[in-house]
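Notes follow once the structure below has been shown.
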Amino acid sequence: LSGSAQLTFTLDTVYPVVGILSPIDNYNQTSRIVTFIANASDTNIGACVLYTNQSGIWNINQTNNSIGTSYNNITFNTTVPSDITFRWNVLCNDSAGNRAWNISSNTLLANNRTVTVDTIPPLVTLDYPINGSFSNGLLRYTPTLTVTPLDTCLLYINDTVDNTWKINSTNKTATGELTSGTQFTINLSRNGVVDGSNLKAIVWCNDTLGNVNAS
């Protein structure tokens with residue numbers, strides 16, 4: 001038509017299909033560097049944005065504008081400042097402005113995932129006997145979890161005669177022997193320790209992520 005302007009455009013009303021791949025939901029790790037991976041499916045992806053609620057409210061953590069034509073394994077690397085449990089999700093949009101969260105949900109609160117970063121080992125204290133004293137054959141210690149549940153505690157005894165550290169007892173949360181914050185008692189005489197021995201003792205404990213501490 002004379003005097004009219006002409007334009008060409010493509011109609012696109014289809015939302016991207018977004019899938020968050022890694023970490024899995026309720027994932028625990030000991031490193032403060034967390035890698036998030038997502039996939040997106042669309043004919044013209046524009047950008048994908050990582051959202052987290054580390055501060056207590058949902059905020060943009062990172063934006064990936066360099067997706068190009070590769071929509072698989074869209075990666076975000078972030079460092080958390082402290083041990084924390086938080087949730088995350090990924091929002092992707094296309095060039096037409098259509099956008100979607102994980103599993104094509106239009107809400108941030110649906111289908112997000114949780115990750116826990118725990119670098120702190122459990123606490124363990126030797127309660128009895130006190131250093132340099134006598135013992136009636138009993139040894140008491142108290143393990144305490146920090147973030148991640150306790151896994152195993154090992155009592156090492158060193159008889160000063162042969163100066164060798166040996167495992168005297170093994171106690172596990174899985175078998176109901178350990179409870180965080182509860183004192184545990186071991187009868188040394190029943191575990192092969194000879195009366196009159198001069199001994200050294202260390203209690204070694206780990207959590208289910210492998211963080212380790214000793215008394």
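Letters A, B, ... go to the chains of the structure tokens in the order shown; residues in each chain start at 1; ligands are counted from 1 in the same order.
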Contacts between segment 15-19 of chain A and segment 48-80 of chain A, please, where a residue of segment 48-80 of chain A counts if it comes within 10 Å (with only C-alpha atoms); show its shortest atom pair and distance in Å to one decimal, rows by chain and ascending number, as JSON lines.
```
{"residue": "A:Cys48", "atom": "CA", "partner": "A:Val18", "partner_atom": "CA", "distance": 9.3}
{"residue": "A:Tyr71", "atom": "CA", "partner": "A:Val18", "partner_atom": "CA", "distance": 9.5}
{"residue": "A:Asn72", "atom": "CA", "partner": "A:Gly19", "partner_atom": "CA", "distance": 9.6}
{"residue": "A:Asn73", "atom": "CA", "partner": "A:Gly19", "partner_atom": "CA", "distance": 9.9}
```
task = Identify all residues of segment 13-189 of chain A in strand (DSSP E) (DSSP on the backbone) and supply them as a count of residues only.
result = 92
Residue with smallest distance to Asn206 of chain A - pool A:Pro129, A:Gly46, A:Pro23, A:Pro143, counting only C-alpha atoms = A:Pro143
Contact residues around segment 85-101 of chain A with only C-alpha atoms at 10 Å, ignoring same-chain residues under 6 positions, as a short mmCIF file (atom, residue, chain, number, x, y, z; two decimals) with all heavy atoms, in the first residue's frame:
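The resulting file, around.cif, is shown below:
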```cif
data_model
loop_
_atom_site.label_atom_id
_atom_site.label_comp_id
_atom_site.auth_asym_id
_atom_site.auth_seq_id
_atom_site.Cartn_x
_atom_site.Cartn_y
_atom_site.Cartn_z
N THR A 10 7.43 -12.58 13.91
CA THR A 10 7.03 -13.96 14.15
C THR A 10 6.25 -14.04 15.45
O THR A 10 6.71 -13.54 16.48
CB THR A 10 8.27 -14.88 14.23
OG1 THR A 10 8.99 -14.81 13.01
CG2 THR A 10 7.85 -16.32 14.50
N LEU A 11 5.09 -14.61 15.38
CA LEU A 11 4.28 -14.78 16.59
C LEU A 11 4.82 -15.94 17.41
O LEU A 11 5.01 -17.05 16.91
CB LEU A 11 2.82 -15.06 16.20
CG LEU A 11 1.84 -15.24 17.37
CD1 LEU A 11 1.72 -13.95 18.17
CD2 LEU A 11 0.47 -15.69 16.85
N ASP A 12 5.07 -15.69 18.69
CA ASP A 12 5.60 -16.71 19.59
C ASP A 12 4.92 -16.55 20.94
O ASP A 12 5.20 -15.61 21.68
CB ASP A 12 7.11 -16.58 19.74
CG ASP A 12 7.71 -17.61 20.69
OD1 ASP A 12 6.96 -18.50 21.16
OD2 ASP A 12 8.92 -17.52 20.99
N THR A 13 4.02 -17.45 21.26
CA THR A 13 3.32 -17.41 22.55
C THR A 13 3.69 -18.61 23.43
O THR A 13 3.05 -18.85 24.45
CB THR A 13 1.80 -17.41 22.34
OG1 THR A 13 1.42 -18.61 21.65
CG2 THR A 13 1.37 -16.20 21.51
N VAL A 14 4.71 -19.35 23.02
CA VAL A 14 5.09 -20.58 23.71
C VAL A 14 6.14 -20.28 24.78
O VAL A 14 7.17 -19.66 24.50
CB VAL A 14 5.63 -21.64 22.73
CG1 VAL A 14 6.04 -22.90 23.48
CG2 VAL A 14 4.60 -21.95 21.66
N TYR A 15 5.88 -20.74 26.00
CA TYR A 15 6.83 -20.57 27.09
C TYR A 15 8.02 -21.51 26.92
O TYR A 15 7.87 -22.65 26.43
CB TYR A 15 6.17 -20.85 28.44
CG TYR A 15 5.14 -19.83 28.85
CD1 TYR A 15 3.79 -20.08 28.66
CD2 TYR A 15 5.52 -18.63 29.42
CE1 TYR A 15 2.83 -19.15 29.04
CE2 TYR A 15 4.58 -17.69 29.82
CZ TYR A 15 3.23 -17.96 29.62
OH TYR A 15 2.29 -17.03 29.99
N PRO A 16 9.21 -21.09 27.34
CA PRO A 16 10.34 -22.03 27.38
C PRO A 16 10.05 -23.18 28.34
O PRO A 16 9.27 -23.03 29.29
CB PRO A 16 11.50 -21.17 27.91
CG PRO A 16 11.09 -19.76 27.70
CD PRO A 16 9.59 -19.74 27.80
N VAL A 17 10.65 -24.31 28.07
CA VAL A 17 10.58 -25.45 28.99
C VAL A 17 11.92 -25.50 29.73
O VAL A 17 12.97 -25.67 29.11
CB VAL A 17 10.32 -26.77 28.25
CG1 VAL A 17 10.34 -27.93 29.23
CG2 VAL A 17 8.99 -26.70 27.52
N VAL A 18 11.87 -25.36 31.05
CA VAL A 18 13.08 -25.24 31.86
C VAL A 18 13.17 -26.44 32.80
O VAL A 18 12.17 -26.84 33.41
CB VAL A 18 13.07 -23.93 32.68
CG1 VAL A 18 14.37 -23.79 33.48
CG2 VAL A 18 12.87 -22.73 31.77
N GLY A 19 14.35 -27.00 32.91
CA GLY A 19 14.58 -28.09 33.87
C GLY A 19 15.85 -27.82 34.64
O GLY A 19 16.90 -27.54 34.05
N ILE A 20 15.79 -27.85 35.97
CA ILE A 20 17.01 -27.71 36.77
C ILE A 20 17.55 -29.10 37.08
O ILE A 20 16.83 -29.98 37.52
CB ILE A 20 16.77 -26.87 38.05
CG1 ILE A 20 15.61 -27.41 38.89
CG2 ILE A 20 16.49 -25.43 37.69
CD1 ILE A 20 15.39 -26.62 40.18
N PRO A 23 22.36 -28.96 41.67
CA PRO A 23 22.30 -30.16 42.53
C PRO A 23 20.88 -30.71 42.65
O PRO A 23 19.92 -30.00 42.41
CB PRO A 23 22.79 -29.65 43.89
CG PRO A 23 23.39 -28.30 43.65
CD PRO A 23 22.69 -27.75 42.47
N ASP A 25 17.58 -32.14 44.72
CA ASP A 25 16.90 -31.53 45.86
C ASP A 25 17.44 -32.09 47.18
O ASP A 25 17.81 -33.26 47.27
CB ASP A 25 15.40 -31.80 45.75
CG ASP A 25 14.59 -30.89 46.66
OD1 ASP A 25 15.13 -29.85 47.10
OD2 ASP A 25 13.41 -31.21 46.92
N ASN A 26 17.52 -31.22 48.18
CA ASN A 26 18.04 -31.57 49.52
C ASN A 26 19.48 -32.05 49.46
O ASN A 26 19.88 -32.95 50.22
CB ASN A 26 17.15 -32.62 50.18
CG ASN A 26 15.74 -32.09 50.42
OD1 ASN A 26 15.56 -31.00 50.94
ND2 ASN A 26 14.74 -32.87 50.02
N TYR A 27 20.27 -31.44 48.59
CA TYR A 27 21.67 -31.84 48.43
C TYR A 27 22.53 -31.17 49.51
O TYR A 27 22.33 -30.01 49.85
CB TYR A 27 22.18 -31.41 47.05
CG TYR A 27 23.59 -31.84 46.75
CD1 TYR A 27 23.87 -33.18 46.50
CD2 TYR A 27 24.63 -30.92 46.71
CE1 TYR A 27 25.17 -33.59 46.21
CE2 TYR A 27 25.93 -31.32 46.43
CZ TYR A 27 26.19 -32.65 46.18
OH TYR A 27 27.47 -33.05 45.90
N ASN A 28 23.48 -31.94 50.07
CA ASN A 28 24.40 -31.43 51.09
C ASN A 28 25.82 -31.49 50.55
O ASN A 28 26.22 -32.49 49.94
CB ASN A 28 24.32 -32.25 52.37
CG ASN A 28 22.95 -32.23 53.00
OD1 ASN A 28 22.32 -31.19 53.04
ND2 ASN A 28 22.48 -33.36 53.49
N PHE A 36 25.40 -24.76 39.84
CA PHE A 36 24.02 -25.04 39.48
C PHE A 36 23.95 -25.26 37.97
O PHE A 36 24.55 -24.50 37.20
CB PHE A 36 23.10 -23.88 39.86
CG PHE A 36 23.15 -23.53 41.33
CD1 PHE A 36 24.02 -22.55 41.80
CD2 PHE A 36 22.33 -24.17 42.23
CE1 PHE A 36 24.07 -22.22 43.14
CE2 PHE A 36 22.37 -23.86 43.59
CZ PHE A 36 23.24 -22.88 44.03
N ILE A 37 23.21 -26.28 37.55
CA ILE A 37 23.09 -26.60 36.12
C ILE A 37 21.62 -26.75 35.75
O ILE A 37 20.84 -27.39 36.47
CB ILE A 37 23.85 -27.90 35.77
CG1 ILE A 37 25.33 -27.76 36.14
CG2 ILE A 37 23.71 -28.23 34.28
CD1 ILE A 37 26.13 -29.02 35.95
N ALA A 38 21.24 -26.15 34.61
CA ALA A 38 19.86 -26.22 34.13
C ALA A 38 19.85 -26.45 32.63
O ALA A 38 20.86 -26.23 31.94
CB ALA A 38 19.11 -24.93 34.47
N ASN A 39 18.72 -26.90 32.12
CA ASN A 39 18.47 -27.01 30.69
C ASN A 39 17.28 -26.13 30.33
O ASN A 39 16.41 -25.87 31.16
CB ASN A 39 18.14 -28.46 30.29
CG ASN A 39 19.39 -29.32 30.17
OD1 ASN A 39 20.51 -28.82 30.23
ND2 ASN A 39 19.19 -30.62 30.03
N ALA A 40 17.24 -25.68 29.08
CA ALA A 40 16.09 -24.92 28.60
C ALA A 40 15.79 -25.31 27.16
O ALA A 40 16.70 -25.56 26.37
CB ALA A 40 16.37 -23.42 28.69
N SER A 41 14.51 -25.37 26.83
CA SER A 41 14.08 -25.73 25.48
C SER A 41 13.17 -24.64 24.93
O SER A 41 12.14 -24.31 25.54
CB SER A 41 13.34 -27.07 25.51
OG SER A 41 12.82 -27.39 24.25
N ASP A 42 13.57 -24.04 23.80
CA ASP A 42 12.79 -23.00 23.15
C ASP A 42 13.44 -22.71 21.81
O ASP A 42 14.61 -23.02 21.60
CB ASP A 42 12.72 -21.74 24.01
CG ASP A 42 11.61 -20.79 23.58
OD1 ASP A 42 11.81 -20.05 22.60
OD2 ASP A 42 10.55 -20.80 24.22
N THR A 43 12.70 -22.08 20.92
CA THR A 43 13.27 -21.77 19.60
C THR A 43 14.17 -20.55 19.65
O THR A 43 15.00 -20.36 18.76
CB THR A 43 12.15 -21.54 18.57
OG1 THR A 43 11.28 -20.50 19.06
CG2 THR A 43 11.35 -22.81 18.35
N ASN A 44 14.01 -19.70 20.64
CA ASN A 44 14.82 -18.47 20.70
C ASN A 44 15.05 -18.03 22.15
O ASN A 44 14.57 -16.98 22.58
CB ASN A 44 14.15 -17.35 19.91
CG ASN A 44 12.72 -17.08 20.35
OD1 ASN A 44 12.09 -17.92 20.97
ND2 ASN A 44 12.23 -15.89 20.06
N ILE A 45 15.78 -18.84 22.90
CA ILE A 45 16.08 -18.50 24.29
C ILE A 45 16.86 -17.19 24.35
O ILE A 45 17.79 -16.95 23.58
CB ILE A 45 16.91 -19.63 24.94
CG1 ILE A 45 16.03 -20.83 25.23
CG2 ILE A 45 17.57 -19.15 26.23
CD1 ILE A 45 15.05 -20.63 26.37
N GLY A 46 16.47 -16.34 25.31
CA GLY A 46 17.18 -15.08 25.49
C GLY A 46 18.20 -15.16 26.62
O GLY A 46 19.40 -14.98 26.41
N ALA A 47 17.75 -15.44 27.83
CA ALA A 47 18.64 -15.51 28.99
C ALA A 47 18.03 -16.42 30.04
O ALA A 47 16.82 -16.65 30.07
CB ALA A 47 18.88 -14.13 29.57
N CYS A 48 18.89 -16.92 30.93
CA CYS A 48 18.45 -17.69 32.08
C CYS A 48 19.03 -17.05 33.34
O CYS A 48 20.18 -16.60 33.34
CB CYS A 48 18.88 -19.15 31.97
SG CYS A 48 17.95 -20.10 30.73
N VAL A 49 18.22 -17.02 34.40
CA VAL A 49 18.58 -16.31 35.62
C VAL A 49 18.49 -17.27 36.81
O VAL A 49 17.47 -17.95 36.98
CB VAL A 49 17.66 -15.10 35.86
CG1 VAL A 49 18.10 -14.33 37.10
CG2 VAL A 49 17.63 -14.20 34.64
N LEU A 50 19.54 -17.31 37.61
CA LEU A 50 19.55 -18.11 38.84
C LEU A 50 19.02 -17.25 39.98
O LEU A 50 19.53 -16.15 40.24
CB LEU A 50 20.98 -18.57 39.16
CG LEU A 50 21.19 -19.21 40.54
CD1 LEU A 50 20.46 -20.55 40.63
CD2 LEU A 50 22.68 -19.38 40.83
N TYR A 51 17.99 -17.75 40.66
CA TYR A 51 17.44 -17.11 41.85
C TYR A 51 17.75 -17.97 43.08
O TYR A 51 17.64 -19.20 43.01
CB TYR A 51 15.92 -16.95 41.75
CG TYR A 51 15.45 -15.79 40.91
CD1 TYR A 51 15.49 -15.85 39.52
CD2 TYR A 51 14.95 -14.62 41.52
CE1 TYR A 51 15.04 -14.77 38.75
CE2 TYR A 51 14.50 -13.56 40.76
CZ TYR A 51 14.55 -13.63 39.38
OH TYR A 51 14.11 -12.58 38.62
N THR A 52 18.13 -17.33 44.20
CA THR A 52 18.30 -18.03 45.47
C THR A 52 17.68 -17.19 46.58
O THR A 52 17.44 -15.99 46.42
CB THR A 52 19.79 -18.26 45.81
OG1 THR A 52 20.41 -17.01 46.14
CG2 THR A 52 20.53 -18.92 44.65
N ASN A 53 17.42 -17.84 47.72
CA ASN A 53 16.91 -17.10 48.88
C ASN A 53 17.92 -17.12 50.02
O ASN A 53 17.57 -17.23 51.20
CB ASN A 53 15.55 -17.65 49.33
CG ASN A 53 15.65 -19.05 49.93
OD1 ASN A 53 16.68 -19.74 49.78
ND2 ASN A 53 14.62 -19.48 50.62
N GLN A 54 19.21 -17.00 49.69
CA GLN A 54 20.27 -17.03 50.71
C GLN A 54 20.10 -15.94 51.75
O GLN A 54 20.46 -16.12 52.92
CB GLN A 54 21.64 -16.87 50.04
CG GLN A 54 22.02 -18.02 49.12
CD GLN A 54 23.36 -17.78 48.47
OE1 GLN A 54 24.31 -17.34 49.12
NE2 GLN A 54 23.47 -18.04 47.18
N SER A 55 19.58 -14.79 51.36
CA SER A 55 19.43 -13.66 52.28
C SER A 55 18.14 -13.74 53.09
O SER A 55 17.87 -12.89 53.93
CB SER A 55 19.45 -12.34 51.50
OG SER A 55 18.33 -12.26 50.64
N GLY A 56 17.31 -14.76 52.81
CA GLY A 56 16.02 -14.88 53.47
C GLY A 56 14.87 -14.49 52.57
O GLY A 56 13.72 -14.83 52.84
N ILE A 57 15.18 -13.78 51.49
CA ILE A 57 14.19 -13.46 50.47
C ILE A 57 14.76 -13.83 49.11
O ILE A 57 15.98 -13.92 48.93
CB ILE A 57 13.80 -11.97 50.50
CG1 ILE A 57 15.03 -11.09 50.24
CG2 ILE A 57 13.12 -11.60 51.80
CD1 ILE A 57 14.70 -9.61 50.12
N TRP A 58 13.89 -14.05 48.13
CA TRP A 58 14.34 -14.46 46.80
C TRP A 58 14.97 -13.26 46.08
O TRP A 58 14.38 -12.18 46.00
CB TRP A 58 13.18 -15.02 45.99
CG TRP A 58 12.75 -16.38 46.44
CD1 TRP A 58 11.76 -16.68 47.32
CD2 TRP A 58 13.33 -17.62 46.03
NE1 TRP A 58 11.67 -18.05 47.49
CE2 TRP A 58 12.62 -18.65 46.70
CE3 TRP A 58 14.35 -17.98 45.16
CZ2 TRP A 58 12.91 -20.00 46.54
CZ3 TRP A 58 14.64 -19.33 44.98
CH2 TRP A 58 13.93 -20.32 45.66
N ASN A 59 16.18 -13.48 45.53
CA ASN A 59 16.88 -12.46 44.76
C ASN A 59 17.58 -13.09 43.57
O ASN A 59 17.87 -14.30 43.56
CB ASN A 59 17.94 -11.76 45.63
CG ASN A 59 17.34 -10.81 46.64
OD1 ASN A 59 16.59 -9.91 46.27
ND2 ASN A 59 17.66 -11.01 47.91
N ILE A 60 17.86 -12.26 42.57
CA ILE A 60 18.68 -12.72 41.44
C ILE A 60 20.11 -12.93 41.94
O ILE A 60 20.70 -12.05 42.56
CB ILE A 60 18.67 -11.69 40.30
CG1 ILE A 60 17.27 -11.58 39.68
CG2 ILE A 60 19.69 -12.06 39.23
CD1 ILE A 60 17.15 -10.50 38.63
N ASN A 61 20.64 -14.11 41.67
CA ASN A 61 22.03 -14.41 42.04
C ASN A 61 22.96 -14.20 40.85
O ASN A 61 24.00 -13.58 40.97
CB ASN A 61 22.13 -15.84 42.57
CG ASN A 61 23.51 -16.20 43.05
OD1 ASN A 61 24.39 -16.52 42.26
ND2 ASN A 61 23.71 -16.15 44.36
N GLN A 62 22.58 -14.75 39.69
CA GLN A 62 23.37 -14.60 38.47
C GLN A 62 22.46 -14.64 37.26
O GLN A 62 21.39 -15.25 37.30
CB GLN A 62 24.41 -15.73 38.34
CG GLN A 62 25.58 -15.66 39.28
CD GLN A 62 26.58 -16.77 39.01
OE1 GLN A 62 26.82 -17.13 37.86
NE2 GLN A 62 27.16 -17.31 40.06
N THR A 63 22.94 -14.00 36.17
CA THR A 63 22.23 -14.05 34.89
C THR A 63 23.18 -14.57 33.83
O THR A 63 24.32 -14.13 33.74
CB THR A 63 21.72 -12.66 34.49
OG1 THR A 63 20.81 -12.18 35.48
CG2 THR A 63 21.00 -12.71 33.15
N ASN A 64 22.71 -15.52 33.03
CA ASN A 64 23.50 -16.07 31.93
C ASN A 64 22.88 -15.62 30.61
O ASN A 64 21.82 -16.09 30.22
CB ASN A 64 23.53 -17.60 32.02
CG ASN A 64 24.54 -18.21 31.06
OD1 ASN A 64 24.81 -17.66 30.00
ND2 ASN A 64 25.08 -19.36 31.43
N ILE A 74 23.26 -25.33 31.11
CA ILE A 74 23.46 -23.91 31.42
C ILE A 74 23.97 -23.84 32.85
O ILE A 74 23.30 -24.28 33.78
CB ILE A 74 22.13 -23.14 31.27
CG1 ILE A 74 21.58 -23.33 29.85
CG2 ILE A 74 22.33 -21.67 31.58
CD1 ILE A 74 20.12 -22.97 29.71
N PHE A 76 25.81 -22.10 36.34
CA PHE A 76 26.05 -20.95 37.22
C PHE A 76 26.96 -21.42 38.34
O PHE A 76 26.68 -22.43 38.99
CB PHE A 76 24.75 -20.43 37.83
CG PHE A 76 23.66 -20.11 36.85
CD1 PHE A 76 22.76 -21.10 36.44
CD2 PHE A 76 23.51 -18.83 36.33
CE1 PHE A 76 21.76 -20.81 35.55
CE2 PHE A 76 22.50 -18.53 35.44
CZ PHE A 76 21.62 -19.52 35.04
N THR A 107 5.49 -19.80 38.56
CA THR A 107 5.68 -19.28 39.92
C THR A 107 7.03 -19.71 40.47
O THR A 107 7.45 -20.86 40.30
CB THR A 107 4.55 -19.75 40.87
OG1 THR A 107 4.90 -19.40 42.21
CG2 THR A 107 4.36 -21.25 40.81
N LEU A 108 7.70 -18.79 41.13
CA LEU A 108 9.02 -19.05 41.71
C LEU A 108 8.97 -20.11 42.79
O LEU A 108 9.89 -20.90 42.97
CB LEU A 108 9.57 -17.74 42.28
CG LEU A 108 10.83 -17.80 43.16
CD1 LEU A 108 12.00 -18.35 42.36
CD2 LEU A 108 11.16 -16.41 43.70
N LEU A 109 7.88 -20.16 43.54
CA LEU A 109 7.81 -21.03 44.71
C LEU A 109 7.54 -22.48 44.37
O LEU A 109 7.60 -23.35 45.23
CB LEU A 109 6.73 -20.51 45.67
CG LEU A 109 6.98 -19.10 46.23
CD1 LEU A 109 5.85 -18.69 47.16
CD2 LEU A 109 8.32 -19.01 46.93
N ALA A 110 7.21 -22.77 43.11
CA ALA A 110 6.94 -24.16 42.72
C ALA A 110 8.20 -24.80 42.14
O ALA A 110 8.96 -24.17 41.42
CB ALA A 110 5.81 -24.21 41.69
N ASN A 111 8.40 -26.06 42.48
CA ASN A 111 9.46 -26.87 41.86
C ASN A 111 10.86 -26.31 42.06
O ASN A 111 11.73 -26.48 41.21
CB ASN A 111 9.19 -27.04 40.36
CG ASN A 111 7.83 -27.64 40.07
OD1 ASN A 111 7.44 -28.63 40.69
ND2 ASN A 111 7.09 -27.03 39.16
N ASN A 112 11.10 -25.59 43.18
CA ASN A 112 12.47 -25.19 43.47
C ASN A 112 13.16 -26.29 44.28
O ASN A 112 12.56 -27.29 44.65
CB ASN A 112 12.52 -23.83 44.19
CG ASN A 112 11.60 -23.77 45.38
OD1 ASN A 112 11.59 -24.70 46.19
ND2 ASN A 112 10.83 -22.70 45.52
N ARG A 113 14.45 -26.10 44.55
CA ARG A 113 15.23 -27.12 45.24
C ARG A 113 15.99 -26.52 46.41
O ARG A 113 16.22 -25.31 46.46
CB ARG A 113 16.20 -27.81 44.28
CG ARG A 113 15.52 -28.67 43.23
CD ARG A 113 16.54 -29.40 42.38
NE ARG A 113 15.91 -30.23 41.37
CZ ARG A 113 16.58 -30.97 40.47
NH1 ARG A 113 17.91 -30.97 40.49
NH2 ARG A 113 15.94 -31.70 39.60
N THR A 114 16.42 -27.41 47.31
CA THR A 114 17.15 -26.99 48.51
C THR A 114 18.57 -27.55 48.47
O THR A 114 18.79 -28.70 48.09
CB THR A 114 16.43 -27.50 49.78
OG1 THR A 114 15.13 -26.92 49.84
CG2 THR A 114 17.21 -27.11 51.03
N VAL A 115 19.53 -26.72 48.88
CA VAL A 115 20.92 -27.17 49.00
C VAL A 115 21.46 -26.69 50.35
O VAL A 115 21.12 -25.60 50.81
CB VAL A 115 21.80 -26.64 47.84
CG1 VAL A 115 21.82 -25.13 47.80
CG2 VAL A 115 23.21 -27.20 47.92
N THR A 116 22.27 -27.53 50.99
CA THR A 116 22.89 -27.18 52.27
C THR A 116 24.41 -27.19 52.10
O THR A 116 24.98 -28.15 51.59
CB THR A 116 22.50 -28.17 53.38
OG1 THR A 116 21.09 -28.07 53.62
CG2 THR A 116 23.24 -27.89 54.67
N VAL A 117 25.04 -26.11 52.55
CA VAL A 117 26.50 -26.03 52.58
C VAL A 117 26.94 -26.12 54.03
O VAL A 117 26.54 -25.29 54.86
CB VAL A 117 27.00 -24.72 51.93
CG1 VAL A 117 28.52 -24.60 52.09
CG2 VAL A 117 26.60 -24.66 50.47
N ASP A 118 27.74 -27.13 54.35
CA ASP A 118 28.19 -27.35 55.72
C ASP A 118 29.67 -27.66 55.72
O ASP A 118 30.09 -28.73 55.28
CB ASP A 118 27.40 -28.51 56.36
CG ASP A 118 27.91 -28.85 57.77
OD1 ASP A 118 28.63 -28.02 58.36
OD2 ASP A 118 27.60 -29.95 58.25
N VAL A 147 25.67 -28.58 61.83
CA VAL A 147 24.63 -28.41 60.81
C VAL A 147 24.12 -29.77 60.36
O VAL A 147 22.93 -30.04 60.34
CB VAL A 147 25.16 -27.62 59.59
CG1 VAL A 147 24.08 -27.50 58.52
CG2 VAL A 147 25.61 -26.22 60.03
#
```
Distance table requested - segment 40-125 of chain A against segment 153-175 of chain A, cut-off 12 Å, only C-alpha atoms: one row per qualifying residue with the closest atom pair and its distance in Å to one decimal, ordered by chain and rising residue number, as a Markdown table.
```
| residue | atom | partner | partner_atom | distance |
| --- | --- | --- | --- | --- |
| A:Pro122 | CA | A:Cys153 | CA | 10.1 |
| A:Leu123 | CA | A:Cys153 | CA | 10.9 |
| A:Val124 | CA | A:Cys153 | CA | 9.1 |
| A:Thr125 | CA | A:Cys153 | CA | 11.5 |
```
ask   = Mind checking DSSP for segment 39-199 of chain A and telling me the helix (DSSP H, G or I) residues as a VMD selection string?
value = chain A and resid 188 to 191
Would you write out those residues with N, CA and C atoms, as a PDB file, in the first residue's frame?
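Done, and the output landed in again22.pdb:
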```pdb
ATOM      1  N   LEU A 188      36.077 -48.940  79.637  1.00  0.00           N
ATOM      2  CA  LEU A 188      37.375 -49.291  79.052  1.00  0.00           C
ATOM      3  C   LEU A 188      37.806 -50.705  79.411  1.00  0.00           C
ATOM      4  N   SER A 189      37.524 -51.139  80.696  1.00  0.00           N
ATOM      5  CA  SER A 189      37.988 -52.469  81.089  1.00  0.00           C
ATOM      6  C   SER A 189      37.371 -53.577  80.275  1.00  0.00           C
ATOM      7  N   ARG A 190      36.185 -53.333  79.708  1.00  0.00           N
ATOM      8  CA  ARG A 190      35.525 -54.357  78.894  1.00  0.00           C
ATOM      9  C   ARG A 190      36.060 -54.380  77.468  1.00  0.00           C
ATOM     10  N   ASN A 191      36.884 -53.405  77.151  1.00  0.00           N
ATOM     11  CA  ASN A 191      37.410 -53.331  75.783  1.00  0.00           C
ATOM     12  C   ASN A 191      38.912 -53.614  75.736  1.00  0.00           C
TER      13      ASN A 191
END
```
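For Thr148 of chain A, the set of protein, DNA and RNA residues having any atom at most 7 Å away, when counting only C-alpha atoms and skipping those fewer than 2 positions along the same chain, is A:Asp118, A:Leu145, A:Thr146, A:Leu150, A:Asp207, A:Thr208.
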Give me a file of those residues, with N, CA, C and O atoms, as an mmCIF file, in the first residue's frame.
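Final output, saved to selection01.cif:
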```cif
data_model
loop_
_atom_site.group_PDB
_atom_site.id
_atom_site.type_symbol
_atom_site.label_atom_id
_atom_site.label_comp_id
_atom_site.auth_asym_id
_atom_site.auth_seq_id
_atom_site.Cartn_x
_atom_site.Cartn_y
_atom_site.Cartn_z
ATOM 1 N N ASP A 118 27.738 -27.125 54.347
ATOM 2 C CA ASP A 118 28.187 -27.353 55.723
ATOM 3 C C ASP A 118 29.673 -27.664 55.718
ATOM 4 O O ASP A 118 30.094 -28.731 55.275
ATOM 5 N N LEU A 145 26.282 -32.139 67.029
ATOM 6 C CA LEU A 145 26.271 -31.779 65.616
ATOM 7 C C LEU A 145 26.256 -30.260 65.477
ATOM 8 O O LEU A 145 25.843 -29.530 66.379
ATOM 9 N N THR A 146 26.732 -29.767 64.338
ATOM 10 C CA THR A 146 26.674 -28.336 64.042
ATOM 11 C C THR A 146 25.546 -28.056 63.050
ATOM 12 O O THR A 146 24.578 -27.381 63.358
ATOM 13 N N LEU A 150 25.299 -36.231 62.974
ATOM 14 C CA LEU A 150 26.454 -37.063 63.322
ATOM 15 C C LEU A 150 26.407 -38.388 62.575
ATOM 16 O O LEU A 150 25.335 -38.928 62.311
ATOM 17 N N ASP A 207 30.598 -36.114 60.670
ATOM 18 C CA ASP A 207 29.187 -36.018 60.340
ATOM 19 C C ASP A 207 28.923 -36.747 59.021
ATOM 20 O O ASP A 207 29.851 -37.315 58.422
ATOM 21 N N THR A 208 27.696 -36.728 58.568
ATOM 22 C CA THR A 208 27.335 -37.513 57.381
ATOM 23 C C THR A 208 27.913 -36.927 56.088
ATOM 24 O O THR A 208 27.865 -37.589 55.042
#
```
remark   = Expressed in Å, the length from atom CA of Asn136 of chain A to atom CA of Ile202 of chain A is 17.6 Å
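From atom CA of Phe134 of chain A back to atom CA of Gly176 of chain A, the distance works out to 29.5 Å.
Between atom CA of Val212 of chain A and atom CA of Ser82 of chain A the interatomic distance comes to 17.9 Å.
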